[in-house]
Each structure stands twice: as C-alpha cells, then as structure tokens.
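Asker: Here it is, the structure, as structure tokens.
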Amino acid sequence: MGVPELIYRILCVYKQGDKGSTGITIVFTTRSKNDILVRAENLLRSLSQRTFPRFVMIRVTFLGTSASQPTLRRNVSAIAIQRNGDSFLFDCGEGTQRQMMRYGTGFGCDGIYVTHLHADHCLGISGLLRTMGLQGRTAAMNIYGPEKSQMILDQIVELGVGRVPFPVFVHELKSGDRVDHDGYHIEAFSVEHGLPALGYALLEEERPGRFDVALAHKMGIPEGPLFSALHSGNPVEIDGRWIRPEEIVGPARPGRKLVYTGDTRPNEVVKTMAKGASLLIHEATFAEEEKTRAKETRHSTAREAAIVARDAGVSELLLTHISSRYSDNPSGLLNEAQSIFPKVAVARDGQVFEISHEDNEQ
Ligand SMILES: [Zn+2]
Ligand SMILES: [Zn+2]
C-alpha cells in the first residue's frame, strides 16, 4: 500500500469514527518512507479498532436571515445543513452562492429544499447551478419544492443561454412526503403562507442505547471491535459463552430533530412537527407592534414564534427572516420572544449552530 492510499484510508476511517474532533494532522518530515508507512499503518489500525459507532454532528449555517430583501448585514433566506458528509440547502435566495463562499460551506451541495416560490427564497438557484457547472460538477442535483412549483423551478434552472452541465431533477413534495437519506430523512409539512408552502424537518433514526462499559469489563469483554459489535446490536462470543446486546446496551434513544418553517403564520402543524425538536428555526418577520401586518402578510411575530416553541417543547429556538427595519438591531424581537421562551436567539448571517445529542454521548 502506498502513502497516498494509506492516508486516504486513514481519513475515511477517521471520519467514520470521529468523536467530535475536527481534523487530523499527518506530518511529513524527513523520515524515511518506511517509517511513515509503519506509523500510518499503526494509526490506521488504532482508528479501525475504535470502540463505539461513529458520532455525527449536525451543523447549521445561516447564509441569509433577512425577509424579502437583502440589507447591509443580512442576505435573503438560505440555510446550509451538513451532516456526516451530506450537505444541502433549505431555501436559496439571491446571492446565496456568495454567502456559501463567505461562510465556508463549500459547494458540495446534494439538494435544495425550497419552501415556497416567493423570490427571496429561490432566485439564487440559477446562479448557484452555473457556478457549480463552472467548477466542474458532474453529480446530479435534486431540487424539492411544494405543489405547483415544478414549472417555475424548471424555469429558474433553465434561465440564461448556457445550459447547466449536470443533471438537475425537480421534485414536487406534498405534506407528509419524505426524502430518505443515510441515517435520517427530510419530511415536508404544510405551512400557512397564502400560497403552496412547506416547512421541512430533518428527522434522524433512533441511535443505539447507552453502553454499560463497567458491566462489559466485569463480564470480561475486551474493548475494541466486540464493544462496537454489541453496541450495534450484534451478539458476541467470549470463551464459548454468547453475550446478547441487551445485556450490556440500554433501550434505543431518539435521534435529533431539526425543524425549519420557511414563511408562515404560527400554526398547529408546525407545533406538531416541532414536538421535542432539538432545534426549531422559525420565521419571525415582525415585532408585536406590527402583529396586524404579520397576519395580513401571513408571517409571524417573534412572540408568536416563541409561543410555538414553548408549546412544542423544543430545546432551542432560532428566529430568522427578519424584516429590514430590525436588521441592525433585533433586540426588540429578542426581548419579546424571550419573555415567552428563554432559549431563543435571533440568527445572524454566518452564524453556525451545531446540534449535538441531548446527553452529549454517542
Ligand atoms: Zn420570504
Ligand atoms: Zn414568502
């Protein structure tokens, strides 16, 4: 095995077994090639023998938090979600591609989930696809939108003279439809915005129960692959005796849930979807002083969003889609929301939010 292949394999194993660390450094000095190979093989072996299944972070990057029009501080709607090598967007307003460069999300985006067809949520798709083409992308792109969005999304994809040099598939979703991914799915749900509009929830599969390390030691199970096998639900044999996973591992624990509303009046569907969510991203276009306007334009106030979060029992609430009048100073929105639900913040462009497990365990 040559050095480049070894390094590739180490990085693959490291990525799968990573427990929250962010990188690995392989230092090449003047050592002989053989010395490097031995050290790399040892590293590969130790990483392969990690005890537990992988720890996966969900990273949310706010690319645009302004309602309807950009301001100096805020671009229009887009959120990048990254999970275990997958990367996709919720909404893609004009200028999203530049925000992706600015905030380092990269262009390895697998899909775009559009909540509705107001221009501030979808006009950025056209330019983004062309830049991806210029950068040599060949992988297909999937774009999802609400009912009756196919024609306009197709037009946005086709806009301009040059063609997009990779396949682009547009899919219409109905409330309750789900798109499956490895270890999680994205579920669409109807929201209330005066036109076909969806919110999206990322729902993870259950993860294995808590592993009783002390008991495992007592039973003479050596750390390493056998721990991993038991934690993944497989029986193992020690000195002729079979040990079942339920002897060592507790009941399965729920996965994480992330809910994004897009533009909407506060409503019961959102409350139901957001029950127990790790993070609710709710639009909060207006303050209470404009609650009549919020009703007329089918948006929410910060206070209304906070009531949804409180009733749904979410862990954290982030407010986005902020009207330009509060762009520089959203403290009024924050105060109104905080009086109802304390674990709230007003999102800002470039903000990164990482969702770990409630118990901070793998
Ligand atoms: Zn909007
Ligand atoms: Zn809208």
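Residue names in the structure tokens use chain letters A, B, ... in the order shown, residue numbers from 1 in each chain, and ligand numbers from 1 in the order shown.
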Extract, using only C-alpha atoms, all DNA, RNA and protein residues at most 8 Å from Leu159 in chain A, discarding same-chain residues fewer than 3 positions from it, and format them as a list in words.

Answerer: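 Listed by chain and then number, they are Ser126, Gln155 and Ile156 of chain A.
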
Asker: Those same residues - N, CA and C atoms - I'd like them written as a PDB file, in the first residue's frame.

Answerer:
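Output (again.pdb):
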```pdb
ATOM      1  N   SER A 126     -30.438  29.728  -9.759  1.00  0.00           N
ATOM      2  CA  SER A 126     -29.937  29.861 -11.126  1.00  0.00           C
ATOM      3  C   SER A 126     -28.422  30.080 -11.164  1.00  0.00           C
ATOM      4  N   GLN A 155     -38.012  26.721 -14.797  1.00  0.00           N
ATOM      5  CA  GLN A 155     -37.600  27.966 -15.468  1.00  0.00           C
ATOM      6  C   GLN A 155     -36.371  28.568 -14.793  1.00  0.00           C
ATOM      7  N   ILE A 156     -36.337  28.518 -13.485  1.00  0.00           N
ATOM      8  CA  ILE A 156     -35.173  29.058 -12.762  1.00  0.00           C
ATOM      9  C   ILE A 156     -33.916  28.265 -13.128  1.00  0.00           C
TER      10      ILE A 156
END
```

Asker: Name each residue within 10 Å of ligand 1, counting only C-alpha atoms and all ligand atoms, as a ChimeraX atom specification.

Answerer: /A:65-69,76-77,91,93,115-122,193,262-264,283,285,299,320-323

Asker: If you keep N, CA and C atoms, can you produce a file of those selected residues as a short mmCIF file (atom, residue, chain, number, x, y, z; two decimals), in the first residue's frame?

Answerer:
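out-v9.cif was written with the following content:
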```
data_model
loop_
_atom_site.label_atom_id
_atom_site.label_comp_id
_atom_site.auth_asym_id
_atom_site.auth_seq_id
_atom_site.Cartn_x
_atom_site.Cartn_y
_atom_site.Cartn_z
N THR A 65 -30.63 35.77 6.52
CA THR A 65 -31.62 35.82 7.59
C THR A 65 -32.58 37.00 7.42
N SER A 66 -32.57 37.64 6.24
CA SER A 66 -33.40 38.82 6.03
C SER A 66 -34.71 38.44 5.33
N ALA A 67 -35.77 39.16 5.65
CA ALA A 67 -37.06 38.93 4.98
C ALA A 67 -37.14 39.77 3.71
N SER A 68 -37.59 39.16 2.65
CA SER A 68 -37.97 39.83 1.40
C SER A 68 -36.84 40.50 0.62
N GLN A 69 -36.00 41.29 1.27
CA GLN A 69 -34.93 41.98 0.55
C GLN A 69 -33.66 41.93 1.39
N VAL A 76 -30.92 37.47 1.83
CA VAL A 76 -32.23 36.80 1.86
C VAL A 76 -32.06 35.31 2.17
N SER A 77 -33.19 34.62 2.34
CA SER A 77 -33.21 33.30 3.00
C SER A 77 -32.36 32.20 2.37
N ASP A 91 -33.91 26.51 1.26
CA ASP A 91 -34.09 27.78 0.54
C ASP A 91 -32.76 28.26 -0.06
N GLY A 93 -32.09 31.95 -1.60
CA GLY A 93 -32.38 33.30 -2.10
C GLY A 93 -31.23 33.84 -2.95
N THR A 115 -38.88 26.21 0.22
CA THR A 115 -40.12 26.21 1.00
C THR A 115 -41.30 26.72 0.19
N HIS A 116 -41.08 27.77 -0.62
CA HIS A 116 -42.15 28.33 -1.46
C HIS A 116 -41.51 29.22 -2.51
N LEU A 117 -42.34 29.73 -3.41
CA LEU A 117 -41.77 30.37 -4.60
C LEU A 117 -41.68 31.89 -4.51
N HIS A 118 -41.84 32.48 -3.34
CA HIS A 118 -41.51 33.91 -3.26
C HIS A 118 -40.04 34.06 -3.60
N ALA A 119 -39.76 35.16 -4.36
CA ALA A 119 -38.43 35.29 -4.96
C ALA A 119 -37.30 35.25 -3.95
N ASP A 120 -37.55 35.74 -2.73
CA ASP A 120 -36.45 35.80 -1.75
C ASP A 120 -36.06 34.41 -1.24
N HIS A 121 -36.73 33.36 -1.72
CA HIS A 121 -36.40 32.00 -1.27
C HIS A 121 -35.83 31.11 -2.38
N CYS A 122 -35.87 31.58 -3.63
CA CYS A 122 -35.46 30.66 -4.70
C CYS A 122 -34.64 31.29 -5.84
N HIS A 193 -49.09 30.24 4.42
CA HIS A 193 -48.46 31.47 3.92
C HIS A 193 -49.22 32.07 2.74
N GLY A 262 -39.76 27.93 7.13
CA GLY A 262 -39.99 28.83 6.00
C GLY A 262 -40.93 29.94 6.44
N ASP A 263 -41.61 30.58 5.51
CA ASP A 263 -42.52 31.68 5.86
C ASP A 263 -43.88 31.12 6.25
N THR A 264 -44.41 31.58 7.37
CA THR A 264 -45.71 31.04 7.80
C THR A 264 -46.33 31.87 8.93
N GLU A 283 -39.59 31.43 11.35
CA GLU A 283 -39.56 32.81 10.85
C GLU A 283 -40.14 33.75 11.90
N THR A 285 -40.79 37.59 11.21
CA THR A 285 -40.58 38.76 10.38
C THR A 285 -40.79 40.05 11.16
N HIS A 299 -47.29 36.18 7.92
CA HIS A 299 -45.99 35.96 8.58
C HIS A 299 -46.22 35.82 10.08
N THR A 320 -35.49 33.69 12.34
CA THR A 320 -34.88 34.16 11.09
C THR A 320 -35.94 34.88 10.26
N HIS A 321 -35.57 35.30 9.03
CA HIS A 321 -36.48 36.04 8.14
C HIS A 321 -36.92 37.33 8.85
N ILE A 322 -35.93 38.15 9.15
CA ILE A 322 -36.12 39.36 9.95
C ILE A 322 -36.40 40.55 9.02
N SER A 323 -37.45 41.28 9.29
CA SER A 323 -37.78 42.44 8.47
C SER A 323 -36.62 43.44 8.48
#
```

Asker: Please, which residues of range 157-230 of chain A, numbered as in this document, come out alpha helix (DSSP H) from DSSP, as a list in words?

Answerer: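 Answer for range 157-230 of chain A, restricted to alpha helix (DSSP H): Val157, Glu158, Val213, Ala214, Leu215, Ala216, His217, Lys218, Pro225, Leu226, Phe227, Ser228, Ala229 and Leu230 of chain A.
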
Asker: Would you list, as a ChimeraX atom specification, the residues of range 116-187 of chain A that end up in strand (DSSP E or B) under DSSP run on this structure's backbone?

Answerer: /A:141-145,168-172,178-181,184-187

Asker: Go ahead and save the picked residues with C-alpha atoms, as a PDB file, in the first residue's frame.

Answerer:
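Writing done, so here's result.pdb:
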```
ATOM      1  CA  MET A 141     -28.699  17.971  -8.211  1.00  0.00           C
ATOM      2  CA  ASN A 142     -32.148  17.443  -6.726  1.00  0.00           C
ATOM      3  CA  ILE A 143     -34.411  20.409  -6.095  1.00  0.00           C
ATOM      4  CA  TYR A 144     -37.549  19.978  -3.993  1.00  0.00           C
ATOM      5  CA  GLY A 145     -40.477  22.359  -3.787  1.00  0.00           C
ATOM      6  CA  VAL A 168     -30.945  18.629 -12.339  1.00  0.00           C
ATOM      7  CA  PHE A 169     -34.143  16.982 -11.121  1.00  0.00           C
ATOM      8  CA  VAL A 170     -37.061  18.993  -9.772  1.00  0.00           C
ATOM      9  CA  HIS A 171     -39.479  17.217  -7.423  1.00  0.00           C
ATOM     10  CA  GLU A 172     -42.778  18.451  -6.042  1.00  0.00           C
ATOM     11  CA  ARG A 178     -40.262  12.256   2.910  1.00  0.00           C
ATOM     12  CA  VAL A 179     -36.888  12.071   1.230  1.00  0.00           C
ATOM     13  CA  ASP A 180     -34.714   9.306   2.668  1.00  0.00           C
ATOM     14  CA  HIS A 181     -31.018   9.695   3.372  1.00  0.00           C
ATOM     15  CA  TYR A 184     -32.156  10.324   8.568  1.00  0.00           C
ATOM     16  CA  HIS A 185     -34.906  11.666   6.348  1.00  0.00           C
ATOM     17  CA  ILE A 186     -36.313  15.042   5.413  1.00  0.00           C
ATOM     18  CA  GLU A 187     -40.069  15.356   5.849  1.00  0.00           C
TER      19      GLU A 187
END
```

Asker: What's the 12 Å shell around Lys291 in chain A, counting only C-alpha atoms, without same-chain residues fewer than 2 positions away, as a PyMOL selection string?

Answerer: chain A and resi 265-266+284-289+293-305+333

Asker: Using only C-alpha atoms, determine which residues lie at most 8 Å from range 83-90 of chain A, disregarding the query and same-chain residues fewer than 4 positions distant; provide the list as a list in words.

Answerer: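 The contact residues come out as Val56, Met57, Ile58, Arg59, Ala78, Ile79, Gly108, Cys109, Asp110, Gly111, Ile112, Tyr113, Val114, Thr115, Tyr200 and Tyr260 of chain A.
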